[in-house]
file query-v3.tsv (TSV, N, CA, C and O atoms)
chain	number	residue	atom	x	y	z
A	17	MET	N	94.81	99.54	103.88
A	17	MET	CA	96.17	99.28	104.33
A	17	MET	C	96.10	98.69	105.73
A	17	MET	O	95.40	99.20	106.59
A	18	PRO	N	96.85	97.67	105.98
A	18	PRO	CA	96.88	97.07	107.31
A	18	PRO	C	97.42	98.04	108.36
A	18	PRO	O	98.21	98.92	108.06
A	19	PHE	N	96.99	97.84	109.57
A	19	PHE	CA	97.47	98.64	110.70
A	19	PHE	C	98.32	97.71	111.55
A	19	PHE	O	97.88	96.64	111.95
A	20	SER	N	99.56	98.09	111.79
A	20	SER	CA	100.46	97.19	112.51
A	20	SER	C	101.22	97.92	113.59
A	20	SER	O	101.81	98.96	113.34
A	21	GLY	N	101.22	97.36	114.79
A	21	GLY	CA	102.03	97.89	115.87
A	21	GLY	C	103.40	97.26	115.91
A	21	GLY	O	104.23	97.58	116.75
A	22	ASN	N	103.67	96.38	114.98
A	22	ASN	CA	104.94	95.67	114.88
A	22	ASN	C	105.83	96.40	113.87
A	22	ASN	O	105.47	96.52	112.70
A	23	THR	N	106.98	96.89	114.31
A	23	THR	CA	107.82	97.73	113.45
A	23	THR	C	108.22	97.05	112.14
A	23	THR	O	108.05	97.65	111.07
A	24	PRO	N	108.75	95.82	112.15
A	24	PRO	CA	109.11	95.21	110.87
A	24	PRO	C	107.92	95.07	109.90
A	24	PRO	O	108.08	95.30	108.70
A	25	ASN	N	106.75	94.75	110.42
A	25	ASN	CA	105.58	94.66	109.55
A	25	ASN	C	105.18	96.04	109.02
A	25	ASN	O	104.83	96.18	107.85
A	26	ALA	N	105.23	97.05	109.87
A	26	ALA	CA	104.88	98.40	109.44
A	26	ALA	C	105.83	98.88	108.34
A	26	ALA	O	105.40	99.50	107.37
A	27	VAL	N	107.10	98.57	108.48
A	27	VAL	CA	108.08	98.93	107.44
A	27	VAL	C	107.75	98.18	106.15
A	27	VAL	O	107.74	98.76	105.06
A	28	ARG	N	107.46	96.89	106.27
A	28	ARG	CA	107.15	96.09	105.08
A	28	ARG	C	105.90	96.61	104.38
A	28	ARG	O	105.89	96.80	103.15
A	29	TYR	N	104.85	96.89	105.14
A	29	TYR	CA	103.62	97.41	104.54
A	29	TYR	C	103.86	98.77	103.89
A	29	TYR	O	103.32	99.07	102.83
A	30	SER	N	104.68	99.59	104.51
A	30	SER	CA	104.98	100.92	103.96
A	30	SER	C	105.74	100.80	102.65
A	30	SER	O	105.44	101.51	101.68
A	31	ARG	N	106.71	99.92	102.60
A	31	ARG	CA	107.45	99.69	101.35
A	31	ARG	C	106.55	99.14	100.26
A	31	ARG	O	106.66	99.52	99.09
A	32	GLU	N	105.66	98.23	100.63
A	32	GLU	CA	104.71	97.67	99.65
A	32	GLU	C	103.80	98.76	99.11
A	32	GLU	O	103.54	98.81	97.90
A	33	ALA	N	103.32	99.63	99.98
A	33	ALA	CA	102.45	100.73	99.54
A	33	ALA	C	103.20	101.64	98.57
A	33	ALA	O	102.65	102.05	97.54
A	34	GLU	N	104.45	101.94	98.89
A	34	GLU	CA	105.26	102.78	98.00
A	34	GLU	C	105.44	102.09	96.66
A	34	GLU	O	105.28	102.72	95.60
A	35	ALA	N	105.76	100.80	96.65
A	35	ALA	CA	105.97	100.06	95.41
A	35	ALA	C	104.70	99.99	94.56
A	35	ALA	O	104.77	99.95	93.34
A	36	LEU	N	103.55	100.00	95.22
A	36	LEU	CA	102.27	99.94	94.51
A	36	LEU	C	101.79	101.31	94.03
A	36	LEU	O	100.74	101.42	93.41
A	37	GLY	N	102.54	102.37	94.34
A	37	GLY	CA	102.22	103.69	93.83
A	37	GLY	C	101.50	104.62	94.79
A	37	GLY	O	100.95	105.64	94.35
A	38	ALA	N	101.50	104.32	96.08
A	38	ALA	CA	100.86	105.22	97.04
A	38	ALA	C	101.50	106.61	96.98
A	38	ALA	O	102.70	106.74	96.74
A	39	ALA	N	100.69	107.62	97.19
A	39	ALA	CA	101.18	109.00	97.18
A	39	ALA	C	101.70	109.42	98.55
A	39	ALA	O	102.44	110.40	98.66
A	40	GLY	N	101.31	108.71	99.58
A	40	GLY	CA	101.73	109.04	100.94
A	40	GLY	C	101.22	107.98	101.90
A	40	GLY	O	100.46	107.09	101.52
A	41	LEU	N	101.63	108.10	103.16
A	41	LEU	CA	101.24	107.14	104.18
A	41	LEU	C	100.66	107.88	105.38
A	41	LEU	O	101.18	108.92	105.78
A	42	MET	N	99.60	107.34	105.96
A	42	MET	CA	99.08	107.83	107.23
A	42	MET	C	99.30	106.69	108.22
A	42	MET	O	98.76	105.60	108.06
A	43	ILE	N	100.14	106.95	109.23
A	43	ILE	CA	100.59	105.88	110.11
A	43	ILE	C	100.34	106.24	111.57
A	43	ILE	O	100.83	107.26	112.06
A	44	GLY	N	99.59	105.36	112.23
A	44	GLY	CA	99.38	105.48	113.66
A	44	GLY	C	100.57	104.89	114.40
A	44	GLY	O	101.34	104.11	113.84
A	45	PRO	N	100.73	105.24	115.65
A	45	PRO	CA	101.85	104.71	116.44
A	45	PRO	C	101.62	103.25	116.79
A	45	PRO	O	100.51	102.74	116.65
A	46	PRO	N	102.66	102.55	117.26
A	46	PRO	CA	102.43	101.21	117.78
A	46	PRO	C	101.40	101.32	118.91
A	46	PRO	O	101.43	102.28	119.67
A	47	TYR	N	100.51	100.39	118.99
A	47	TYR	CA	99.32	100.61	119.80
A	47	TYR	C	99.10	99.57	120.89
A	47	TYR	O	99.70	98.51	120.89
A	48	TYR	N	98.24	99.90	121.79
A	48	TYR	CA	97.69	99.09	122.87
A	48	TYR	C	98.64	98.76	124.01
A	48	TYR	O	98.22	98.71	125.15
A	49	TYR	N	99.91	98.51	123.76
A	49	TYR	CA	100.78	98.15	124.88
A	49	TYR	C	101.41	99.39	125.53
A	49	TYR	O	102.24	99.27	126.41
A	50	THR	N	101.02	100.57	125.09
A	50	THR	CA	101.49	101.85	125.62
A	50	THR	C	103.01	101.98	125.55
A	50	THR	O	103.70	101.93	126.57
A	51	PRO	N	103.55	102.16	124.35
A	51	PRO	CA	104.99	102.30	124.18
A	51	PRO	C	105.51	103.61	124.76
A	51	PRO	O	104.77	104.58	124.92
A	52	THR	N	106.80	103.63	125.05
A	52	THR	CA	107.45	104.86	125.51
A	52	THR	C	107.64	105.80	124.32
A	52	THR	O	107.52	105.39	123.16
A	53	GLU	N	107.97	107.05	124.61
A	53	GLU	CA	108.24	107.99	123.52
A	53	GLU	C	109.42	107.53	122.68
A	53	GLU	O	109.43	107.69	121.47
A	54	ALA	N	110.42	106.92	123.31
A	54	ALA	CA	111.57	106.41	122.57
A	54	ALA	C	111.14	105.30	121.61
A	54	ALA	O	111.64	105.23	120.48
A	55	GLU	N	110.25	104.44	122.05
A	55	GLU	CA	109.76	103.36	121.19
A	55	GLU	C	108.93	103.91	120.04
A	55	GLU	O	109.05	103.44	118.89
A	56	ILE	N	108.10	104.92	120.31
A	56	ILE	CA	107.32	105.55	119.24
A	56	ILE	C	108.25	106.21	118.24
A	56	ILE	O	108.08	106.08	117.02
A	57	PHE	N	109.25	106.92	118.74
A	57	PHE	CA	110.22	107.57	117.85
A	57	PHE	C	110.90	106.52	116.97
A	57	PHE	O	111.00	106.70	115.75
A	58	GLY	N	111.35	105.43	117.56
A	58	GLY	CA	112.02	104.38	116.80
A	58	GLY	C	111.13	103.75	115.74
A	58	GLY	O	111.59	103.41	114.65
A	59	TYR	N	109.85	103.60	116.05
A	59	TYR	CA	108.87	103.05	115.11
A	59	TYR	C	108.78	103.94	113.87
A	59	TYR	O	108.93	103.47	112.74
A	60	TYR	N	108.56	105.23	114.10
A	60	TYR	CA	108.45	106.16	112.97
A	60	TYR	C	109.79	106.33	112.26
A	60	TYR	O	109.83	106.50	111.04
A	61	GLU	N	110.87	106.29	113.00
A	61	GLU	CA	112.20	106.40	112.40
A	61	GLU	C	112.43	105.27	111.40
A	61	GLU	O	112.88	105.51	110.27
A	62	ALA	N	112.11	104.05	111.78
A	62	ALA	CA	112.31	102.90	110.90
A	62	ALA	C	111.50	103.05	109.61
A	62	ALA	O	112.00	102.77	108.52
A	63	ILE	N	110.28	103.52	109.74
A	63	ILE	CA	109.42	103.69	108.57
A	63	ILE	C	109.92	104.85	107.71
A	63	ILE	O	110.04	104.72	106.48
A	64	ALA	N	110.20	105.99	108.33
A	64	ALA	CA	110.64	107.18	107.58
A	64	ALA	C	111.93	106.91	106.81
A	64	ALA	O	112.12	107.43	105.70
A	65	GLU	N	112.81	106.11	107.38
A	65	GLU	CA	114.07	105.81	106.70
A	65	GLU	C	113.92	104.74	105.62
A	65	GLU	O	114.78	104.61	104.76
A	66	ALA	N	112.81	104.01	105.64
A	66	ALA	CA	112.60	102.92	104.68
A	66	ALA	C	111.90	103.37	103.40
A	66	ALA	O	111.97	102.67	102.39
A	67	VAL	N	111.22	104.52	103.45
A	67	VAL	CA	110.45	104.98	102.29
A	67	VAL	C	110.76	106.44	101.99
A	67	VAL	O	111.24	107.17	102.85
A	68	ASP	N	110.42	106.84	100.77
A	68	ASP	CA	110.58	108.24	100.38
A	68	ASP	C	109.25	109.00	100.39
A	68	ASP	O	109.22	110.19	100.11
A	69	LEU	N	108.17	108.32	100.69
A	69	LEU	CA	106.84	108.93	100.67
A	69	LEU	C	106.66	109.91	101.82
A	69	LEU	O	107.22	109.72	102.90
A	70	PRO	N	105.79	110.92	101.64
A	70	PRO	CA	105.41	111.76	102.77
A	70	PRO	C	104.60	110.93	103.76
A	70	PRO	O	103.83	110.05	103.37
A	71	ILE	N	104.80	111.21	105.04
A	71	ILE	CA	104.13	110.48	106.11
A	71	ILE	C	103.29	111.43	106.94
A	71	ILE	O	103.75	112.50	107.35
A	72	MET	N	102.04	111.01	107.18
A	72	MET	CA	101.15	111.73	108.08
A	72	MET	C	101.08	110.92	109.38
A	72	MET	O	100.75	109.74	109.37
A	73	LEU	N	101.42	111.55	110.50
A	73	LEU	CA	101.25	110.92	111.80
A	73	LEU	C	99.76	110.86	112.09
A	73	LEU	O	99.04	111.83	111.85
A	74	TYR	N	99.29	109.74	112.63
A	74	TYR	CA	97.89	109.61	112.98
A	74	TYR	C	97.79	109.44	114.49
A	74	TYR	O	98.11	108.39	115.03
A	75	ASN	N	97.40	110.51	115.15
A	75	ASN	CA	97.28	110.49	116.60
A	75	ASN	C	95.82	110.29	116.98
A	75	ASN	O	95.00	111.20	116.84
A	76	ASN	N	95.50	109.10	117.45
A	76	ASN	CA	94.14	108.76	117.82
A	76	ASN	C	94.18	108.00	119.14
A	76	ASN	O	94.07	106.78	119.17
A	77	PRO	N	94.38	108.72	120.26
A	77	PRO	CA	94.58	108.06	121.55
A	77	PRO	C	93.41	107.19	122.00
A	77	PRO	O	93.62	106.20	122.71
A	78	VAL	N	92.20	107.51	121.61
A	78	VAL	CA	91.06	106.72	122.02
A	78	VAL	C	91.13	105.31	121.43
A	78	VAL	O	90.85	104.32	122.11
A	79	THR	N	91.53	105.20	120.20
A	79	THR	CA	91.61	103.91	119.53
A	79	THR	C	92.89	103.16	119.84
A	79	THR	O	92.88	101.94	120.01
A	80	THR	N	94.01	103.87	119.92
A	80	THR	CA	95.31	103.20	120.04
A	80	THR	C	95.85	103.11	121.46
A	80	THR	O	96.83	102.41	121.71
A	81	ASN	N	95.27	103.86	122.39
A	81	ASN	CA	95.77	103.94	123.76
A	81	ASN	C	97.16	104.59	123.82
A	81	ASN	O	97.93	104.35	124.74
A	82	VAL	N	97.46	105.39	122.80
A	82	VAL	CA	98.74	106.09	122.72
A	82	VAL	C	98.45	107.53	122.31
A	82	VAL	O	97.71	107.77	121.37
A	83	ASP	N	99.01	108.49	123.03
A	83	ASP	CA	98.86	109.90	122.69
A	83	ASP	C	100.24	110.45	122.34
A	83	ASP	O	101.13	110.51	123.19
A	84	ILE	N	100.42	110.83	121.10
A	84	ILE	CA	101.70	111.37	120.66
A	84	ILE	C	101.78	112.82	121.14
A	84	ILE	O	100.97	113.65	120.75
A	85	SER	N	102.76	113.11	121.98
A	85	SER	CA	102.88	114.47	122.54
A	85	SER	C	103.32	115.46	121.47
A	85	SER	O	103.95	115.10	120.47
A	86	ALA	N	103.00	116.73	121.71
A	86	ALA	CA	103.43	117.79	120.79
A	86	ALA	C	104.95	117.84	120.69
A	86	ALA	O	105.50	118.07	119.61
A	87	GLN	N	105.63	117.58	121.80
A	87	GLN	CA	107.10	117.58	121.78
A	87	GLN	C	107.64	116.47	120.88
A	87	GLN	O	108.60	116.67	120.13
A	88	LEU	N	107.00	115.29	120.93
A	88	LEU	CA	107.44	114.19	120.09
A	88	LEU	C	107.15	114.48	118.62
A	88	LEU	O	107.97	114.18	117.76
A	89	VAL	N	106.01	115.07	118.34
A	89	VAL	CA	105.69	115.46	116.96
A	89	VAL	C	106.79	116.40	116.45
A	89	VAL	O	107.29	116.24	115.34
A	90	GLY	N	107.18	117.37	117.27
A	90	GLY	CA	108.24	118.30	116.89
A	90	GLY	C	109.55	117.59	116.61
A	90	GLY	O	110.23	117.89	115.62
A	91	ARG	N	109.92	116.65	117.47
A	91	ARG	CA	111.16	115.89	117.26
A	91	ARG	C	111.12	115.08	115.97
A	91	ARG	O	112.10	115.03	115.22
A	92	LEU	N	109.98	114.45	115.71
A	92	LEU	CA	109.85	113.62	114.51
A	92	LEU	C	109.92	114.46	113.24
A	92	LEU	O	110.61	114.10	112.29
A	93	THR	N	109.20	115.58	113.23
A	93	THR	CA	109.19	116.40	112.02
A	93	THR	C	110.53	117.09	111.79
A	93	THR	O	110.90	117.35	110.65
A	94	LYS	N	111.24	117.34	112.85
A	94	LYS	CA	112.57	117.93	112.72
A	94	LYS	C	113.60	116.90	112.22
A	94	LYS	O	114.48	117.21	111.44
A	95	ALA	N	113.45	115.67	112.67
A	95	ALA	CA	114.42	114.62	112.36
A	95	ALA	C	114.21	114.00	110.98
A	95	ALA	O	115.18	113.53	110.37
A	96	PHE	N	112.96	113.98	110.50
A	96	PHE	CA	112.66	113.26	109.25
A	96	PHE	C	111.89	114.16	108.30
A	96	PHE	O	110.74	114.52	108.56
A	97	GLU	N	112.51	114.46	107.19
A	97	GLU	CA	111.93	115.38	106.20
A	97	GLU	C	110.60	114.86	105.65
A	97	GLU	O	109.73	115.66	105.30
A	98	ASN	N	110.43	113.55	105.58
A	98	ASN	CA	109.19	113.03	104.99
A	98	ASN	C	108.03	112.91	105.97
A	98	ASN	O	106.92	112.57	105.60
A	99	ILE	N	108.26	113.20	107.25
A	99	ILE	CA	107.14	113.29	108.20
A	99	ILE	C	106.67	114.72	108.17
A	99	ILE	O	107.32	115.62	108.70
A	100	ARG	N	105.54	114.96	107.50
A	100	ARG	CA	105.10	116.33	107.17
A	100	ARG	C	103.76	116.74	107.73
A	100	ARG	O	103.43	117.91	107.74
A	101	TYR	N	102.93	115.77	108.12
A	101	TYR	CA	101.55	116.08	108.47
A	101	TYR	C	101.15	115.35	109.74
A	101	TYR	O	101.79	114.40	110.14
A	102	ILE	N	100.02	115.78	110.32
A	102	ILE	CA	99.44	115.07	111.46
A	102	ILE	C	97.93	115.12	111.35
A	102	ILE	O	97.35	116.14	110.96
A	103	LYS	N	97.31	114.02	111.67
A	103	LYS	CA	95.85	113.94	111.79
A	103	LYS	C	95.56	113.70	113.26
A	103	LYS	O	96.04	112.74	113.85
A	104	GLU	N	94.83	114.59	113.87
A	104	GLU	CA	94.47	114.48	115.29
A	104	GLU	C	93.07	113.93	115.41
A	104	GLU	O	92.20	114.26	114.70
call {"tool": "encode", "arguments": {"input": "query-v3.tsv", "output": "structure tokens"}}
result
Amino acid sequence: MPFSGNTPNAVRYSREAEALGAAGLMIGPPYYYTPTEAEIFGYYEAIAEAVDLPIMLYNNPVTTNVDISAQLVGRLTKAFENIRYIKE
């Protein structure tokens, strides 16, 4: 699956994966340009609202230059029923 820091592309890839029969999605945050927490939230919000699949947050700060805070993980899992897991 492609990795995209661009929200419209990430939504498109997520919808394509769902249409092709994926059981779930593991999605890293938008990367390298160091987005704000609001931008990270909006990125996951757009994806979570576009698909019905369960979503695993992928927090890999060494690779992405983004560290998803525990507080943001809490906000995301509270706001979106399909955000259910995290890979650290």
call {"tool": "residues_around", "arguments": {"input": "query-v3.tsv", "residues": "Val67 of chain A", "least_positions_apart": "6", "cutoff": "7 Å", "atoms": "only N, CA, C and O atoms", "output": "list in words"}}
result
Val27, Ser30, Arg31 and Asn98 of chain A
call {"tool": "residues_near_point", "arguments": {"input": "query-v3.tsv", "point": "(102.8, 105.3, 119.4)", "cutoff": "8 Å", "atoms": "all atoms listed in the file", "output": "list in words"}}
result
Ile43, Gly44, Pro45, Pro46, Tyr47, Tyr48, Thr50, Pro51, Thr52, Glu53, Glu55, Ile56, Phe57, Tyr59, Tyr60, Tyr74, Thr80, Asn81, Val82, Asp83 and Ile84 of chain A
call {"tool": "atom_distance", "arguments": {"input": "query-v3.tsv", "atom1": "atom C of Ile63 of chain A", "atom2": "atom N of Arg28 of chain A"}}
result
8.5 Å
call {"tool": "residues_around", "arguments": {"input": "query-v3.tsv", "residues": "Thr93 of chain A", "least_positions_apart": "4", "cutoff": "12 Å", "atoms": "only C-alpha atoms", "output": "VMD selection string"}}
result
chain A and resid 57 60 to 61 64 70 to 73 86 to 89 97 to 102
call {"tool": "atom_distance", "arguments": {"input": "query-v3.tsv", "atom1": "atom CA of Lys94 of chain A", "atom2": "atom N of Gly40 of chain A"}}
result
19.6 Å
call {"tool": "select_by_dssp", "arguments": {"input": "query-v3.tsv", "residues": "chain A", "states": "helix (DSSP H, G or I)", "output": "JSON list (two decimals) with N, CA, C and O atoms, keeping the file's coordinate frame"}}
result
[["chain", "number", "residue", "atom", "x", "y", "z"],
["A", 23, "THR", "N", 106.98, 96.89, 114.31],
["A", 23, "THR", "CA", 107.82, 97.73, 113.45],
["A", 23, "THR", "C", 108.22, 97.05, 112.14],
["A", 23, "THR", "O", 108.05, 97.65, 111.07],
["A", 24, "PRO", "N", 108.75, 95.82, 112.15],
["A", 24, "PRO", "CA", 109.11, 95.21, 110.87],
["A", 24, "PRO", "C", 107.92, 95.07, 109.90],
["A", 24, "PRO", "O", 108.08, 95.30, 108.70],
["A", 25, "ASN", "N", 106.75, 94.75, 110.42],
["A", 25, "ASN", "CA", 105.58, 94.66, 109.55],
["A", 25, "ASN", "C", 105.18, 96.04, 109.02],
["A", 25, "ASN", "O", 104.83, 96.18, 107.85],
["A", 26, "ALA", "N", 105.23, 97.05, 109.87],
["A", 26, "ALA", "CA", 104.88, 98.40, 109.44],
["A", 26, "ALA", "C", 105.83, 98.88, 108.34],
["A", 26, "ALA", "O", 105.40, 99.50, 107.37],
["A", 27, "VAL", "N", 107.10, 98.57, 108.48],
["A", 27, "VAL", "CA", 108.08, 98.93, 107.44],
["A", 27, "VAL", "C", 107.75, 98.18, 106.15],
["A", 27, "VAL", "O", 107.74, 98.76, 105.06],
["A", 28, "ARG", "N", 107.46, 96.89, 106.27],
["A", 28, "ARG", "CA", 107.15, 96.09, 105.08],
["A", 28, "ARG", "C", 105.90, 96.61, 104.38],
["A", 28, "ARG", "O", 105.89, 96.80, 103.15],
["A", 29, "TYR", "N", 104.85, 96.89, 105.14],
["A", 29, "TYR", "CA", 103.62, 97.41, 104.54],
["A", 29, "TYR", "C", 103.86, 98.77, 103.89],
["A", 29, "TYR", "O", 103.32, 99.07, 102.83],
["A", 30, "SER", "N", 104.68, 99.59, 104.51],
["A", 30, "SER", "CA", 104.98, 100.92, 103.96],
["A", 30, "SER", "C", 105.74, 100.80, 102.65],
["A", 30, "SER", "O", 105.44, 101.51, 101.68],
["A", 31, "ARG", "N", 106.71, 99.92, 102.60],
["A", 31, "ARG", "CA", 107.45, 99.69, 101.35],
["A", 31, "ARG", "C", 106.55, 99.14, 100.26],
["A", 31, "ARG", "O", 106.66, 99.52, 99.09],
["A", 32, "GLU", "N", 105.66, 98.23, 100.63],
["A", 32, "GLU", "CA", 104.71, 97.67, 99.65],
["A", 32, "GLU", "C", 103.80, 98.76, 99.11],
["A", 32, "GLU", "O", 103.54, 98.81, 97.90],
["A", 33, "ALA", "N", 103.32, 99.63, 99.98],
["A", 33, "ALA", "CA", 102.45, 100.73, 99.54],
["A", 33, "ALA", "C", 103.20, 101.64, 98.57],
["A", 33, "ALA", "O", 102.65, 102.05, 97.54],
["A", 34, "GLU", "N", 104.45, 101.94, 98.89],
["A", 34, "GLU", "CA", 105.26, 102.78, 98.00],
["A", 34, "GLU", "C", 105.44, 102.09, 96.66],
["A", 34, "GLU", "O", 105.28, 102.72, 95.60],
["A", 35, "ALA", "N", 105.76, 100.80, 96.65],
["A", 35, "ALA", "CA", 105.97, 100.06, 95.41],
["A", 35, "ALA", "C", 104.70, 99.99, 94.56],
["A", 35, "ALA", "O", 104.77, 99.95, 93.34],
["A", 53, "GLU", "N", 107.97, 107.05, 124.61],
["A", 53, "GLU", "CA", 108.24, 107.99, 123.52],
["A", 53, "GLU", "C", 109.42, 107.53, 122.68],
["A", 53, "GLU", "O", 109.43, 107.69, 121.47],
["A", 54, "ALA", "N", 110.42, 106.92, 123.31],
["A", 54, "ALA", "CA", 111.57, 106.41, 122.57],
["A", 54, "ALA", "C", 111.14, 105.30, 121.61],
["A", 54, "ALA", "O", 111.64, 105.23, 120.48],
["A", 55, "GLU", "N", 110.25, 104.44, 122.05],
["A", 55, "GLU", "CA", 109.76, 103.36, 121.19],
["A", 55, "GLU", "C", 108.93, 103.91, 120.04],
["A", 55, "GLU", "O", 109.05, 103.44, 118.89],
["A", 56, "ILE", "N", 108.10, 104.92, 120.31],
["A", 56, "ILE", "CA", 107.32, 105.55, 119.24],
["A", 56, "ILE", "C", 108.25, 106.21, 118.24],
["A", 56, "ILE", "O", 108.08, 106.08, 117.02],
["A", 57, "PHE", "N", 109.25, 106.92, 118.74],
["A", 57, "PHE", "CA", 110.22, 107.57, 117.85],
["A", 57, "PHE", "C", 110.90, 106.52, 116.97],
["A", 57, "PHE", "O", 111.00, 106.70, 115.75],
["A", 58, "GLY", "N", 111.35, 105.43, 117.56],
["A", 58, "GLY", "CA", 112.02, 104.38, 116.80],
["A", 58, "GLY", "C", 111.13, 103.75, 115.74],
["A", 58, "GLY", "O", 111.59, 103.41, 114.65],
["A", 59, "TYR", "N", 109.85, 103.60, 116.05],
["A", 59, "TYR", "CA", 108.87, 103.05, 115.11],
["A", 59, "TYR", "C", 108.78, 103.94, 113.87],
["A", 59, "TYR", "O", 108.93, 103.47, 112.74],
["A", 60, "TYR", "N", 108.56, 105.23, 114.10],
["A", 60, "TYR", "CA", 108.45, 106.16, 112.97],
["A", 60, "TYR", "C", 109.79, 106.33, 112.26],
["A", 60, "TYR", "O", 109.83, 106.50, 111.04],
["A", 61, "GLU", "N", 110.87, 106.29, 113.00],
["A", 61, "GLU", "CA", 112.20, 106.40, 112.40],
["A", 61, "GLU", "C", 112.43, 105.27, 111.40],
["A", 61, "GLU", "O", 112.88, 105.51, 110.27],
["A", 62, "ALA", "N", 112.11, 104.05, 111.78],
["A", 62, "ALA", "CA", 112.31, 102.90, 110.90],
["A", 62, "ALA", "C", 111.50, 103.05, 109.61],
["A", 62, "ALA", "O", 112.00, 102.77, 108.52],
["A", 63, "ILE", "N", 110.28, 103.52, 109.74],
["A", 63, "ILE", "CA", 109.42, 103.69, 108.57],
["A", 63, "ILE", "C", 109.92, 104.85, 107.71],
["A", 63, "ILE", "O", 110.04, 104.72, 106.48],
["A", 64, "ALA", "N", 110.20, 105.99, 108.33],
["A", 64, "ALA", "CA", 110.64, 107.18, 107.58],
["A", 64, "ALA", "C", 111.93, 106.91, 106.81],
["A", 64, "ALA", "O", 112.12, 107.43, 105.70],
["A", 65, "GLU", "N", 112.81, 106.11, 107.38],
["A", 65, "GLU", "CA", 114.07, 105.81, 106.70],
["A", 65, "GLU", "C", 113.92, 104.74, 105.62],
["A", 65, "GLU", "O", 114.78, 104.61, 104.76],
["A", 66, "ALA", "N", 112.81, 104.01, 105.64],
["A", 66, "ALA", "CA", 112.60, 102.92, 104.68],
["A", 66, "ALA", "C", 111.90, 103.37, 103.40],
["A", 66, "ALA", "O", 111.97, 102.67, 102.39],
["A", 77, "PRO", "N", 94.38, 108.72, 120.26],
["A", 77, "PRO", "CA", 94.58, 108.06, 121.55],
["A", 77, "PRO", "C", 93.41, 107.19, 122.00],
["A", 77, "PRO", "O", 93.62, 106.20, 122.71],
["A", 78, "VAL", "N", 92.20, 107.51, 121.61],
["A", 78, "VAL", "CA", 91.06, 106.72, 122.02],
["A", 78, "VAL", "C", 91.13, 105.31, 121.43],
["A", 78, "VAL", "O", 90.85, 104.32, 122.11],
["A", 79, "THR", "N", 91.53, 105.20, 120.20],
["A", 79, "THR", "CA", 91.61, 103.91, 119.53],
["A", 79, "THR", "C", 92.89, 103.16, 119.84],
["A", 79, "THR", "O", 92.88, 101.94, 120.01],
["A", 80, "THR", "N", 94.01, 103.87, 119.92],
["A", 80, "THR", "CA", 95.31, 103.20, 120.04],
["A", 80, "THR", "C", 95.85, 103.11, 121.46],
["A", 80, "THR", "O", 96.83, 102.41, 121.71],
["A", 86, "ALA", "N", 103.00, 116.73, 121.71],
["A", 86, "ALA", "CA", 103.43, 117.79, 120.79],
["A", 86, "ALA", "C", 104.95, 117.84, 120.69],
["A", 86, "ALA", "O", 105.50, 118.07, 119.61],
["A", 87, "GLN", "N", 105.63, 117.58, 121.80],
["A", 87, "GLN", "CA", 107.10, 117.58, 121.78],
["A", 87, "GLN", "C", 107.64, 116.47, 120.88],
["A", 87, "GLN", "O", 108.60, 116.67, 120.13],
["A", 88, "LEU", "N", 107.00, 115.29, 120.93],
["A", 88, "LEU", "CA", 107.44, 114.19, 120.09],
["A", 88, "LEU", "C", 107.15, 114.48, 118.62],
["A", 88, "LEU", "O", 107.97, 114.18, 117.76],
["A", 89, "VAL", "N", 106.01, 115.07, 118.34],
["A", 89, "VAL", "CA", 105.69, 115.46, 116.96],
["A", 89, "VAL", "C", 106.79, 116.40, 116.45],
["A", 89, "VAL", "O", 107.29, 116.24, 115.34],
["A", 90, "GLY", "N", 107.18, 117.37, 117.27],
["A", 90, "GLY", "CA", 108.24, 118.30, 116.89],
["A", 90, "GLY", "C", 109.55, 117.59, 116.61],
["A", 90, "GLY", "O", 110.23, 117.89, 115.62],
["A", 91, "ARG", "N", 109.92, 116.65, 117.47],
["A", 91, "ARG", "CA", 111.16, 115.89, 117.26],
["A", 91, "ARG", "C", 111.12, 115.08, 115.97],
["A", 91, "ARG", "O", 112.10, 115.03, 115.22],
["A", 92, "LEU", "N", 109.98, 114.45, 115.71],
["A", 92, "LEU", "CA", 109.85, 113.62, 114.51],
["A", 92, "LEU", "C", 109.92, 114.46, 113.24],
["A", 92, "LEU", "O", 110.61, 114.10, 112.29],
["A", 93, "THR", "N", 109.20, 115.58, 113.23],
["A", 93, "THR", "CA", 109.19, 116.40, 112.02],
["A", 93, "THR", "C", 110.53, 117.09, 111.79],
["A", 93, "THR", "O", 110.90, 117.35, 110.65],
["A", 94, "LYS", "N", 111.24, 117.34, 112.85],
["A", 94, "LYS", "CA", 112.57, 117.93, 112.72],
["A", 94, "LYS", "C", 113.60, 116.90, 112.22],
["A", 94, "LYS", "O", 114.48, 117.21, 111.44],
["A", 95, "ALA", "N", 113.45, 115.67, 112.67],
["A", 95, "ALA", "CA", 114.42, 114.62, 112.36],
["A", 95, "ALA", "C", 114.21, 114.00, 110.98],
["A", 95, "ALA", "O", 115.18, 113.53, 110.37]]
call {"tool": "select_by_dssp", "arguments": {"input": "query-v3.tsv", "residues": "segment 18-73 of chain A", "states": "strand (DSSP E)", "output": "list of chain:residue names"}}
result
A:Leu41, A:Met42, A:Ile43, A:Ile71, A:Met72, A:Leu73
call {"tool": "atom_distance", "arguments": {"input": "query-v3.tsv", "atom1": "atom CA of Glu32 of chain A", "atom2": "atom CA of Arg91 of chain A"}}
result
26.1 Å
call {"tool": "axis_aligned_box", "arguments": {"input": "query-v3.tsv", "around": "segment 43-60 of chain A", "padding_each_side": "6 Å", "output": "AutoDock Vina command-line options"}}
result
--center_x 104.9 --center_y 103.1 --center_z 117.9 --size_x 26.3 --size_y 21.8 --size_z 29.3
call {"tool": "closest_residue", "arguments": {"input": "query-v3.tsv", "among": "A:Leu69, A:Ala62, A:Ala54, A:Val78", "to": "Gly37 of chain A", "atoms": "only C-alpha atoms"}}
result
A:Leu69
